[in-house]
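J.: This is the structure I have questions about; it appears just below.
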Amino acid sequence: MELASTDHEIINGIHGRAAADAMQLVLNFAEAVGAPRLLPCASAHVDGCLYHGQASLDFVERFIALEGQVRVHTTLNVGSVDLIHPELFIGEAELGAAGKRLMEAHIELGCTPSFTCAPYQTLLRPRFGDQLAWAESNAIVFANSVIGARTNRYGDFIDLACALTGRVPDYGLHRTENRRAGVIVEIQGLKDAGPDQAGGIAVAAGLFIGKNCGDTIAAIKGLPGATSEDDLKALGAAAASSGSVAMFHAVGLTPEAPDLLTATGGLDVPVAGRLGPAEIGEILAALSTVRDGTALTAVALGTPHFSLSEFDRLMPMLDLAPFSVPVYVNTGRHEWDQLTADGRAARLEKAGVTIVVDTCTYVTSIIRDLSGAVMTNSGKWAYYAPGNLGVDAAFGTLADTLMSAKAGRVVRA
């Protein structure tokens, strides 16, 4: 492997024992994936702060004992508890304590306590072309697709090792030749769909490419003109949840796909699917495990974490309060600080909406009553929650979810 002078310095311990140990992990990983060299890493996003057992904590504590510090801007994914609202956690006390310690341990290593699955919504958003070591499936897809930064699907432990060294293996999506679309997915007859429909269309497109395209990059044609960045976020989250997707191109919408020719690198690639209104409806219907009219016990929003623009859409719907069931909204600290500063947090609380920060309701014990169905506007939440929480899920638009919260049962706007 071709090593730079910086790599030799880290290996030889000039930057400390923790960096040297982490570099050995990075080199072993690079050799396993066939990377010929390492690249400078602009930033890291660490998924390993979500507690999965004692090994998670032991790994981080070792680097603390070696006085390690991350060498690049490093954000943290969701943890196991809401450190700002600890009273929301209703799981086992021992599990909560271990999860809290793991989150705090990463901060001791110099990581930014963002605790969000949407680090691209913070002030540390990367730039086009940046080489990253990001974990968390939706964040990876967003960085590659919507921003045009470059990262592979890094997982627990290797993400932190890259952060401690500031180096990342040169392979996969770090390379231009591997970022071209290999299949086309056509959305037909929905170009003029409005903002309320665009989100569902994006989720359906994401679920389709996740289940049908594997790790082949898809170029998606025909998404509505009203498709927003939040919709592209939902598309990537659905794709990464249902498959091994790390990148997509939305023709005319994402930076590396101004047109189909650019997205495919001029190659003739096959069409993997054509989705019209009927196919979109069928895909979205499959996300719900209950019928319309079914009684609800809660509504869960913000997976990935709600952005400020999504809160802008939500606020007028608070006129529907009081709600018949609890409404939970997951978001990041960046958004929480803004909501608190401008008074929206108080309005949300008055309307009976519970804001969850630092974690997510499908990975930790927060929702008080899971005896019935939960409704969401998140394809990712609807896809994972039945397995994670053992709960029935209903999927709908944001308007659907708030009207259903009012009615206490699944209704459609």
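The chains in the structure tokens are called A, B, ... from first to last as shown; in each chain the residues are counted from 1, and the ligands are counted from 1 in the order shown.
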If you run DSSP on the backbone, which residues of stretch 93-182 of chain A are helix (DSSP H, G or I), as a PyMOL selection string?
T.: chain A and resi 93-108+119-121+137-147+158-165+172-174+176-178
J.: Fewer than 4 positions away in the same chain doesn't count, so skip those; otherwise give me all residues within 7 Å of stretch 389-399 of chain A, counting only C-alpha atoms, as a PDB file with C-alpha atoms, in the first residue's frame.
T.:
ATOM      1  CA  ASP A 196     -47.867  17.092  -0.423  1.00  0.00           C
ATOM      2  CA  GLY A 200     -44.599   9.889  -0.771  1.00  0.00           C
ATOM      3  CA  LEU A 287     -45.723   0.158   4.272  1.00  0.00           C
ATOM      4  CA  SER A 288     -48.910   0.081   6.371  1.00  0.00           C
ATOM      5  CA  THR A 289     -49.639  -3.045   8.370  1.00  0.00           C
ATOM      6  CA  VAL A 290     -53.135  -1.803   9.314  1.00  0.00           C
ATOM      7  CA  TYR A 362     -37.745   3.387  16.670  1.00  0.00           C
ATOM      8  CA  LEU A 370     -47.272   0.447  21.903  1.00  0.00           C
ATOM      9  CA  GLY A 372     -51.900  -0.396  19.146  1.00  0.00           C
ATOM     10  CA  ALA A 373     -50.838   1.027  15.808  1.00  0.00           C
ATOM     11  CA  VAL A 374     -48.502   4.005  15.360  1.00  0.00           C
ATOM     12  CA  MET A 375     -48.730   6.314  12.345  1.00  0.00           C
ATOM     13  CA  THR A 376     -45.772   8.006  10.670  1.00  0.00           C
ATOM     14  CA  ASN A 377     -44.839   9.977   7.573  1.00  0.00           C
ATOM     15  CA  ALA A 382     -42.599   2.413   8.943  1.00  0.00           C
ATOM     16  CA  ALA A 385     -40.635  -0.196  13.590  1.00  0.00           C
ATOM     17  CA  MET A 403     -55.386  14.528  11.066  1.00  0.00           C
ATOM     18  CA  ALA A 413     -56.304  14.082   4.182  1.00  0.00           C
TER      19      ALA A 413
END
J.: I'd like the contact shell of A:Ala205 - 8 Å cut-off, only C-alpha atoms, skipping same-chain residues fewer than 6 positions apart - returned as a list in words.
T.: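 Surrounding residues, per the criterion: Ile187, Leu235, Ala239, Leu275 and Ile280 of chain A.
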J.: Would you export the selected residues with N, CA and C atoms as a PDB file, in the first residue's frame, please?
T.:
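File part21.pdb, as written:
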ATOM      1  N   ILE A 187     -39.938   7.500 -13.157  1.00  0.00           N
ATOM      2  CA  ILE A 187     -41.206   7.858 -12.524  1.00  0.00           C
ATOM      3  C   ILE A 187     -42.073   8.475 -13.617  1.00  0.00           C
ATOM      4  N   LEU A 235     -36.151   9.865   0.490  1.00  0.00           N
ATOM      5  CA  LEU A 235     -35.857   8.875  -0.551  1.00  0.00           C
ATOM      6  C   LEU A 235     -34.626   8.069  -0.165  1.00  0.00           C
ATOM      7  N   ALA A 239     -34.341   4.064   0.772  1.00  0.00           N
ATOM      8  CA  ALA A 239     -33.487   3.206  -0.050  1.00  0.00           C
ATOM      9  C   ALA A 239     -32.458   2.473   0.797  1.00  0.00           C
ATOM     10  N   LEU A 275     -42.286   3.411 -12.674  1.00  0.00           N
ATOM     11  CA  LEU A 275     -43.267   3.551 -11.610  1.00  0.00           C
ATOM     12  C   LEU A 275     -44.242   4.668 -11.941  1.00  0.00           C
ATOM     13  N   ILE A 280     -46.667   3.366  -7.528  1.00  0.00           N
ATOM     14  CA  ILE A 280     -46.331   4.158  -6.341  1.00  0.00           C
ATOM     15  C   ILE A 280     -47.323   3.871  -5.215  1.00  0.00           C
TER      16      ILE A 280
END
J.: Please determine, counting only C-alpha atoms, which residue among A:His45, A:His106, A:Lys406, A:Arg127 has the shortest atom-to-atom distance to A:Thr297.
T.: A:Lys406
J.: May I ask which of the residues A:Ala44, A:Ala161, A:Ala257, A:Leu25 is the closest one to A:Tyr120, counting only C-alpha atoms?
T.: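 Closest candidate: A:Ala44.
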J.: So that I can see what lies close to A:Asp268, please list as a list in words the residues with an atom at most 12 Å from it, counting only C-alpha atoms and leaving out residues fewer than 2 positions away in the same chain.
T.: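 Using only C-alpha atoms, the neighbours found are Arg180, Ala181, Gly182, Val183, Ile184, Leu260, Leu261, Thr262, Ala263, Thr264, Gly265, Gly266, Pro270 and Val271 of chain A.
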J.: Please extract the residues of stretch 172-360 of chain A with a backbone DSSP assignment of strand (DSSP E) and present them as a compact mmCIF listing (two decimals) with all heavy atoms, in the first residue's frame.
T.:
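Ended up saving to out_23.txt:
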# COMPACT_ATOMS: atom_id res chain seq x y z
N VAL A 183 -28.16 1.75 -13.50
CA VAL A 183 -29.53 1.45 -13.90
C VAL A 183 -30.34 2.74 -13.88
O VAL A 183 -29.93 3.73 -13.27
CB VAL A 183 -30.22 0.40 -12.99
CG1 VAL A 183 -29.52 -0.96 -13.08
CG2 VAL A 183 -30.26 0.90 -11.55
N ILE A 184 -31.49 2.70 -14.54
CA ILE A 184 -32.41 3.84 -14.58
C ILE A 184 -33.74 3.42 -13.98
O ILE A 184 -34.23 2.31 -14.22
CB ILE A 184 -32.63 4.32 -16.03
CG1 ILE A 184 -31.31 4.80 -16.64
CG2 ILE A 184 -33.68 5.43 -16.10
CD1 ILE A 184 -31.39 5.01 -18.14
N VAL A 185 -34.32 4.29 -13.17
CA VAL A 185 -35.67 4.10 -12.65
C VAL A 185 -36.50 5.30 -13.12
O VAL A 185 -36.14 6.45 -12.86
CB VAL A 185 -35.70 3.99 -11.12
CG1 VAL A 185 -37.14 3.95 -10.61
CG2 VAL A 185 -34.94 2.76 -10.65
N GLU A 186 -37.58 5.02 -13.83
CA GLU A 186 -38.40 6.09 -14.40
C GLU A 186 -39.69 6.27 -13.59
O GLU A 186 -40.41 5.31 -13.35
CB GLU A 186 -38.76 5.77 -15.85
CG GLU A 186 -37.55 5.70 -16.78
CD GLU A 186 -37.94 5.39 -18.21
OE1 GLU A 186 -39.14 5.09 -18.45
OE2 GLU A 186 -37.06 5.43 -19.09
N ILE A 187 -39.94 7.50 -13.16
CA ILE A 187 -41.21 7.86 -12.52
C ILE A 187 -42.07 8.48 -13.62
O ILE A 187 -41.68 9.46 -14.25
CB ILE A 187 -41.00 8.87 -11.38
CG1 ILE A 187 -39.90 8.40 -10.42
CG2 ILE A 187 -42.31 9.12 -10.65
CD1 ILE A 187 -40.20 7.10 -9.72
N ALA A 218 -28.65 3.96 -8.95
CA ALA A 218 -29.79 4.22 -9.83
C ALA A 218 -29.86 5.70 -10.18
O ALA A 218 -29.64 6.56 -9.32
CB ALA A 218 -31.09 3.77 -9.16
N ALA A 219 -30.19 5.98 -11.44
CA ALA A 219 -30.53 7.33 -11.87
C ALA A 219 -32.05 7.39 -11.97
O ALA A 219 -32.66 6.64 -12.73
CB ALA A 219 -29.89 7.64 -13.22
N ILE A 220 -32.65 8.27 -11.17
CA ILE A 220 -34.11 8.35 -11.11
C ILE A 220 -34.57 9.51 -11.98
O ILE A 220 -34.19 10.66 -11.77
CB ILE A 220 -34.58 8.54 -9.66
CG1 ILE A 220 -33.98 7.45 -8.76
CG2 ILE A 220 -36.09 8.52 -9.57
CD1 ILE A 220 -34.16 7.71 -7.28
N LYS A 221 -35.40 9.20 -12.95
CA LYS A 221 -35.96 10.21 -13.86
C LYS A 221 -37.42 10.47 -13.51
O LYS A 221 -38.13 9.56 -13.12
CB LYS A 221 -35.90 9.72 -15.32
CG LYS A 221 -34.52 9.61 -15.92
CD LYS A 221 -34.61 9.03 -17.34
CE LYS A 221 -35.55 9.83 -18.23
NZ LYS A 221 -35.67 9.24 -19.58
N PHE A 248 -27.67 7.57 -4.96
CA PHE A 248 -28.56 7.58 -6.11
C PHE A 248 -28.36 8.90 -6.84
O PHE A 248 -27.75 9.84 -6.31
CB PHE A 248 -30.03 7.43 -5.68
CG PHE A 248 -30.56 8.59 -4.88
CD1 PHE A 248 -31.09 9.72 -5.50
CD2 PHE A 248 -30.53 8.58 -3.49
CE1 PHE A 248 -31.57 10.80 -4.75
CE2 PHE A 248 -31.00 9.65 -2.74
CZ PHE A 248 -31.52 10.76 -3.39
N HIS A 249 -28.83 8.96 -8.06
CA HIS A 249 -28.88 10.22 -8.80
C HIS A 249 -30.34 10.55 -9.06
O HIS A 249 -31.10 9.69 -9.52
CB HIS A 249 -28.15 10.11 -10.14
CG HIS A 249 -26.68 9.89 -10.03
ND1 HIS A 249 -25.81 10.83 -9.53
CD2 HIS A 249 -25.90 8.81 -10.36
CE1 HIS A 249 -24.58 10.37 -9.56
NE2 HIS A 249 -24.61 9.13 -10.06
N ALA A 250 -30.75 11.79 -8.78
CA ALA A 250 -32.07 12.27 -9.18
C ALA A 250 -31.83 13.25 -10.32
O ALA A 250 -31.30 14.35 -10.12
CB ALA A 250 -32.77 12.96 -8.01
N VAL A 271 -33.06 -0.08 -17.89
CA VAL A 271 -34.13 0.46 -17.05
C VAL A 271 -34.53 -0.61 -16.04
O VAL A 271 -34.94 -1.71 -16.43
CB VAL A 271 -35.34 0.90 -17.89
CG1 VAL A 271 -36.48 1.33 -16.98
CG2 VAL A 271 -34.94 2.03 -18.83
N ALA A 272 -34.40 -0.31 -14.76
CA ALA A 272 -34.71 -1.29 -13.71
C ALA A 272 -36.19 -1.29 -13.36
O ALA A 272 -36.70 -2.27 -12.80
CB ALA A 272 -33.89 -1.01 -12.46
N GLY A 273 -36.90 -0.21 -13.67
CA GLY A 273 -38.31 -0.16 -13.35
C GLY A 273 -38.95 1.13 -13.81
O GLY A 273 -38.29 2.15 -13.96
N ARG A 274 -40.25 1.05 -14.05
CA ARG A 274 -41.05 2.23 -14.39
C ARG A 274 -42.20 2.30 -13.39
O ARG A 274 -43.00 1.36 -13.29
CB ARG A 274 -41.56 2.12 -15.83
CG ARG A 274 -40.45 2.17 -16.87
CD ARG A 274 -41.00 2.10 -18.30
NE ARG A 274 -39.95 2.31 -19.29
CZ ARG A 274 -39.21 1.32 -19.81
NH1 ARG A 274 -39.41 0.07 -19.43
NH2 ARG A 274 -38.27 1.61 -20.69
N LEU A 275 -42.29 3.41 -12.67
CA LEU A 275 -43.27 3.55 -11.61
C LEU A 275 -44.24 4.67 -11.94
O LEU A 275 -43.86 5.84 -12.00
CB LEU A 275 -42.57 3.86 -10.28
CG LEU A 275 -41.43 2.93 -9.84
CD1 LEU A 275 -40.84 3.40 -8.52
CD2 LEU A 275 -41.92 1.50 -9.73
N LEU A 296 -55.32 4.32 16.73
CA LEU A 296 -53.90 4.60 16.95
C LEU A 296 -53.60 4.78 18.42
O LEU A 296 -54.48 5.18 19.20
CB LEU A 296 -53.48 5.88 16.20
CG LEU A 296 -53.58 5.87 14.68
CD1 LEU A 296 -53.28 7.27 14.14
CD2 LEU A 296 -52.61 4.86 14.08
N THR A 297 -52.35 4.52 18.80
CA THR A 297 -51.90 4.85 20.15
C THR A 297 -50.86 5.97 20.14
O THR A 297 -50.56 6.54 21.19
CB THR A 297 -51.28 3.62 20.86
OG1 THR A 297 -50.22 3.10 20.05
CG2 THR A 297 -52.33 2.54 21.06
N ALA A 298 -50.31 6.30 18.95
CA ALA A 298 -49.33 7.38 18.87
C ALA A 298 -49.08 7.74 17.41
O ALA A 298 -49.43 6.99 16.49
CB ALA A 298 -48.02 6.98 19.54
N VAL A 299 -48.43 8.89 17.22
CA VAL A 299 -47.90 9.32 15.93
C VAL A 299 -46.42 9.60 16.14
O VAL A 299 -46.04 10.23 17.14
CB VAL A 299 -48.63 10.57 15.40
CG1 VAL A 299 -47.81 11.28 14.34
CG2 VAL A 299 -50.00 10.19 14.86
N ALA A 300 -45.57 9.13 15.21
CA ALA A 300 -44.12 9.30 15.33
C ALA A 300 -43.58 9.93 14.04
O ALA A 300 -43.75 9.38 12.95
CB ALA A 300 -43.43 7.97 15.59
N LEU A 301 -42.94 11.07 14.16
CA LEU A 301 -42.39 11.81 13.02
C LEU A 301 -40.89 12.03 13.23
O LEU A 301 -40.37 11.92 14.34
CB LEU A 301 -43.08 13.17 12.89
CG LEU A 301 -44.61 13.18 12.87
CD1 LEU A 301 -45.13 14.62 12.94
CD2 LEU A 301 -45.12 12.49 11.61
N GLY A 302 -40.19 12.34 12.14
CA GLY A 302 -38.80 12.73 12.26
C GLY A 302 -37.80 11.60 12.21
O GLY A 302 -36.88 11.53 13.03
N THR A 303 -37.94 10.71 11.23
CA THR A 303 -36.96 9.66 11.00
C THR A 303 -36.66 9.61 9.50
O THR A 303 -37.46 9.05 8.75
CB THR A 303 -37.48 8.28 11.46
OG1 THR A 303 -37.95 8.39 12.80
CG2 THR A 303 -36.39 7.23 11.40
N PRO A 304 -35.57 10.22 9.01
CA PRO A 304 -34.52 10.93 9.75
C PRO A 304 -35.06 12.17 10.46
O PRO A 304 -36.18 12.60 10.22
CB PRO A 304 -33.51 11.31 8.65
CG PRO A 304 -33.79 10.39 7.51
CD PRO A 304 -35.28 10.13 7.57
N HIS A 305 -34.19 12.73 11.30
CA HIS A 305 -34.58 13.85 12.14
C HIS A 305 -35.21 14.98 11.35
O HIS A 305 -34.75 15.36 10.28
CB HIS A 305 -33.36 14.37 12.91
CG HIS A 305 -33.04 13.58 14.13
ND1 HIS A 305 -31.88 13.74 14.86
CD2 HIS A 305 -33.74 12.61 14.79
CE1 HIS A 305 -31.88 12.92 15.89
NE2 HIS A 305 -33.00 12.21 15.87
N PHE A 306 -36.28 15.53 11.94
CA PHE A 306 -37.00 16.66 11.34
C PHE A 306 -36.06 17.84 11.12
O PHE A 306 -35.28 18.21 12.01
CB PHE A 306 -38.13 17.09 12.27
CG PHE A 306 -39.51 16.94 11.68
CD1 PHE A 306 -39.84 15.85 10.90
CD2 PHE A 306 -40.49 17.89 11.93
CE1 PHE A 306 -41.12 15.71 10.38
CE2 PHE A 306 -41.77 17.77 11.41
CZ PHE A 306 -42.08 16.67 10.63
N VAL A 327 -48.14 12.75 20.10
CA VAL A 327 -47.38 13.00 18.88
C VAL A 327 -45.92 13.20 19.27
O VAL A 327 -45.60 14.09 20.07
CB VAL A 327 -47.90 14.24 18.13
CG1 VAL A 327 -47.04 14.52 16.89
CG2 VAL A 327 -49.36 14.06 17.74
N TYR A 328 -45.03 12.37 18.73
CA TYR A 328 -43.60 12.45 19.00
C TYR A 328 -42.89 12.91 17.74
O TYR A 328 -43.14 12.40 16.64
CB TYR A 328 -43.04 11.08 19.41
CG TYR A 328 -43.64 10.50 20.66
CD1 TYR A 328 -44.80 9.71 20.60
CD2 TYR A 328 -43.05 10.70 21.91
CE1 TYR A 328 -45.36 9.16 21.74
CE2 TYR A 328 -43.60 10.15 23.05
CZ TYR A 328 -44.76 9.38 22.96
OH TYR A 328 -45.30 8.82 24.09
N VAL A 329 -41.97 13.86 17.88
CA VAL A 329 -41.18 14.33 16.75
C VAL A 329 -39.70 14.24 17.12
O VAL A 329 -39.25 14.86 18.09
CB VAL A 329 -41.51 15.79 16.35
CG1 VAL A 329 -40.72 16.18 15.10
CG2 VAL A 329 -43.00 15.96 16.12
N ASN A 330 -38.94 13.44 16.37
CA ASN A 330 -37.51 13.31 16.59
C ASN A 330 -36.77 14.41 15.81
O ASN A 330 -37.07 14.64 14.64
CB ASN A 330 -37.01 11.95 16.09
CG ASN A 330 -37.79 10.79 16.68
OD1 ASN A 330 -37.74 10.54 17.87
ND2 ASN A 330 -38.53 10.09 15.83
N THR A 331 -35.80 15.04 16.46
CA THR A 331 -35.02 16.07 15.78
C THR A 331 -33.65 16.18 16.43
O THR A 331 -33.36 15.54 17.45
CB THR A 331 -35.75 17.43 15.79
OG1 THR A 331 -35.14 18.31 14.85
CG2 THR A 331 -35.72 18.08 17.17
N VAL A 353 -47.26 18.16 21.70
CA VAL A 353 -46.25 17.46 20.89
C VAL A 353 -44.99 17.26 21.72
O VAL A 353 -44.48 18.21 22.33
CB VAL A 353 -45.92 18.26 19.62
CG1 VAL A 353 -44.80 17.59 18.83
CG2 VAL A 353 -47.16 18.41 18.75
N THR A 354 -44.49 16.04 21.76
CA THR A 354 -43.26 15.73 22.49
C THR A 354 -42.08 15.75 21.52
O THR A 354 -42.05 14.98 20.55
CB THR A 354 -43.34 14.34 23.16
OG1 THR A 354 -44.42 14.33 24.10
CG2 THR A 354 -42.04 14.00 23.88
N ILE A 355 -41.12 16.64 21.77
CA ILE A 355 -39.92 16.71 20.95
C ILE A 355 -38.87 15.79 21.57
O ILE A 355 -38.52 15.91 22.74
CB ILE A 355 -39.37 18.14 20.86
CG1 ILE A 355 -40.44 19.08 20.29
CG2 ILE A 355 -38.11 18.18 19.99
CD1 ILE A 355 -40.87 18.75 18.89
N VAL A 356 -38.35 14.88 20.75
CA VAL A 356 -37.33 13.93 21.17
C VAL A 356 -36.02 14.33 20.51
O VAL A 356 -35.95 14.44 19.29
CB VAL A 356 -37.71 12.49 20.79
CG1 VAL A 356 -36.63 11.51 21.24
CG2 VAL A 356 -39.06 12.12 21.37
N VAL A 357 -34.99 14.54 21.31
CA VAL A 357 -33.68 14.95 20.82
C VAL A 357 -32.67 13.85 21.17
O VAL A 357 -32.87 13.08 22.10
CB VAL A 357 -33.26 16.29 21.45
CG1 VAL A 357 -31.95 16.82 20.87
CG2 VAL A 357 -34.36 17.33 21.26
J.: Using only C-alpha atoms, which residue out of A:Pro40, A:Gly96, A:Gly199, A:Pro86 lies closest to A:His52?
T.: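 Once distances to A:His52 are computed over only C-alpha atoms, the minimum belongs to A:Gly96.
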J.: Work out how far atom CA of A:Gly281 is from atom CA of A:Leu320, in Å to one decimal.
T.: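 Result for atom CA of A:Leu320 versus atom CA of A:Gly281: 26.7 Å, one decimal.
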J.: Quick one: residues within 10 Å of A:Leu66, only C-alpha atoms counted, chain neighbours fewer than 4 positions away excluded, as number ranges by chain?
T.: A: 16-19, 21, 61-62
J.: Excluding A:Val168 and its own-chain neighbours fewer than 3 positions away, which residues fall within 9 Å of it when counting only C-alpha atoms? Please give them as a list in words.
T.: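 Surrounding residues, per the criterion: Val26, Ala30, Arg37, Leu38, Leu39, Pro40, Cys41, Gln131, Leu132, Ala133, Thr151, Cys162, Ala163, Thr165 and Tyr171 of chain A.
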J.: Skip stretch 69-84 of chain A itself and residues of its chain fewer than 2 positions away, then list as number ranges by chain all residues within 7 Å of it, counting only C-alpha atoms.
T.: A: 42-47, 49-51, 67, 86, 89, 96, 99-100, 103, 109-117, 119, 163-166, 356-360, 364
J.: Could you write out that same residue set with N, CA and C atoms as a compact mmCIF listing (two decimals), in the first residue's frame?
T.:
# COMPACT_ATOMS: atom_id res chain seq x y z
N ALA A 42 -12.16 14.70 5.37
CA ALA A 42 -12.63 16.04 5.73
C ALA A 42 -13.45 16.02 7.01
N SER A 43 -14.24 14.97 7.21
CA SER A 43 -15.05 14.86 8.43
C SER A 43 -15.50 13.43 8.60
N ALA A 44 -15.95 13.13 9.81
CA ALA A 44 -16.48 11.80 10.12
C ALA A 44 -17.84 11.96 10.79
N HIS A 45 -18.67 10.94 10.63
CA HIS A 45 -19.93 10.87 11.36
C HIS A 45 -20.00 9.47 11.95
N VAL A 46 -20.03 9.40 13.28
CA VAL A 46 -19.87 8.14 14.00
C VAL A 46 -21.22 7.58 14.42
N ASP A 47 -21.48 6.35 13.99
CA ASP A 47 -22.72 5.66 14.33
C ASP A 47 -22.57 4.82 15.60
N CYS A 49 -22.04 5.44 18.57
CA CYS A 49 -22.45 5.97 19.87
C CYS A 49 -23.83 5.45 20.29
N LEU A 50 -24.46 4.63 19.45
CA LEU A 50 -25.71 3.95 19.82
C LEU A 50 -25.34 2.62 20.46
N TYR A 51 -25.74 2.43 21.70
CA TYR A 51 -25.29 1.28 22.50
C TYR A 51 -25.88 -0.03 21.99
N GLU A 67 -5.72 8.38 25.72
CA GLU A 67 -5.77 9.84 25.56
C GLU A 67 -5.99 10.26 24.11
N PRO A 86 -33.93 13.45 29.69
CA PRO A 86 -33.70 12.07 30.15
C PRO A 86 -34.95 11.40 30.68
N PHE A 89 -36.91 8.53 28.63
CA PHE A 89 -36.49 7.13 28.51
C PHE A 89 -37.24 6.26 29.50
N GLY A 96 -30.06 2.26 29.97
CA GLY A 96 -30.01 3.70 29.80
C GLY A 96 -28.70 4.28 30.29
N GLY A 99 -25.95 3.41 27.81
CA GLY A 99 -26.10 4.22 26.61
C GLY A 99 -25.64 5.65 26.84
N LYS A 100 -25.97 6.21 28.00
CA LYS A 100 -25.55 7.57 28.35
C LYS A 100 -24.04 7.65 28.44
N MET A 103 -22.40 7.70 24.96
CA MET A 103 -22.53 9.00 24.32
C MET A 103 -21.51 9.99 24.89
N LEU A 109 -13.65 12.11 23.48
CA LEU A 109 -12.69 11.94 22.39
C LEU A 109 -12.68 13.15 21.45
N GLY A 110 -13.47 14.16 21.74
CA GLY A 110 -13.47 15.37 20.93
C GLY A 110 -14.55 15.42 19.88
N CYS A 111 -15.47 14.46 19.89
CA CYS A 111 -16.56 14.47 18.92
C CYS A 111 -17.57 15.56 19.28
N THR A 112 -18.21 16.11 18.26
CA THR A 112 -19.25 17.12 18.46
C THR A 112 -20.53 16.42 18.92
N PRO A 113 -21.13 16.84 20.03
CA PRO A 113 -22.32 16.16 20.55
C PRO A 113 -23.58 16.52 19.76
N SER A 114 -23.58 16.18 18.49
CA SER A 114 -24.73 16.47 17.63
C SER A 114 -25.87 15.48 17.85
N PHE A 115 -25.53 14.20 18.01
CA PHE A 115 -26.48 13.12 18.25
C PHE A 115 -27.67 13.19 17.30
N THR A 116 -27.37 13.24 16.04
CA THR A 116 -28.41 13.29 15.01
C THR A 116 -28.07 12.37 13.86
N CYS A 117 -29.11 11.79 13.27
CA CYS A 117 -28.93 10.97 12.08
C CYS A 117 -28.89 11.83 10.82
N PRO A 119 -26.68 14.77 10.12
CA PRO A 119 -25.63 15.76 10.38
C PRO A 119 -25.50 16.81 9.27
N ALA A 163 -11.90 8.71 12.16
CA ALA A 163 -11.95 10.02 12.82
C ALA A 163 -10.69 10.27 13.64
N LEU A 164 -10.17 9.23 14.29
CA LEU A 164 -8.98 9.36 15.14
C LEU A 164 -7.71 9.53 14.33
N THR A 165 -7.75 9.12 13.06
CA THR A 165 -6.57 9.23 12.20
C THR A 165 -6.69 10.34 11.16
N GLY A 166 -7.92 10.72 10.84
CA GLY A 166 -8.13 11.68 9.77
C GLY A 166 -7.84 11.11 8.40
N VAL A 356 -38.35 14.88 20.75
CA VAL A 356 -37.33 13.93 21.17
C VAL A 356 -36.02 14.33 20.51
N VAL A 357 -34.99 14.54 21.31
CA VAL A 357 -33.68 14.95 20.82
C VAL A 357 -32.67 13.85 21.17
N ASP A 358 -31.60 13.76 20.38
CA ASP A 358 -30.46 12.87 20.65
C ASP A 358 -30.70 11.41 20.28
N THR A 359 -31.93 11.01 20.05
CA THR A 359 -32.21 9.61 19.76
C THR A 359 -33.40 9.53 18.81
N CYS A 360 -33.99 8.35 18.68
CA CYS A 360 -35.12 8.16 17.78
C CYS A 360 -36.08 7.13 18.36
N THR A 364 -35.17 3.32 20.58
CA THR A 364 -35.09 3.36 22.04
C THR A 364 -36.49 3.43 22.64
J.: Atom CA of A:Pro255 and atom CA of A:Gly129 are how many Å apart?
T.: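 Atom CA of A:Gly129 lies at a distance of 10.4 Å from atom CA of A:Pro255.
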J.: Using only C-alpha atoms, can you tell me which of A:Pro126, A:Gly387, A:Gly379, A:Gly194 comes closest to A:Ser228?
T.: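 Using only C-alpha atoms, A:Ser228 sits closest to A:Gly194.
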J.: Could you work out how far atom CA of A:Asp215 lies from atom CA of A:Glu256, giving the answer in Å with one decimal?
T.: 17.6 Å
J.: Could you tell me which of A:Pro386, A:Gly172, A:Thr294, A:Asp259 comes closest to A:Ala407 if we count only C-alpha atoms?
T.: A:Thr294
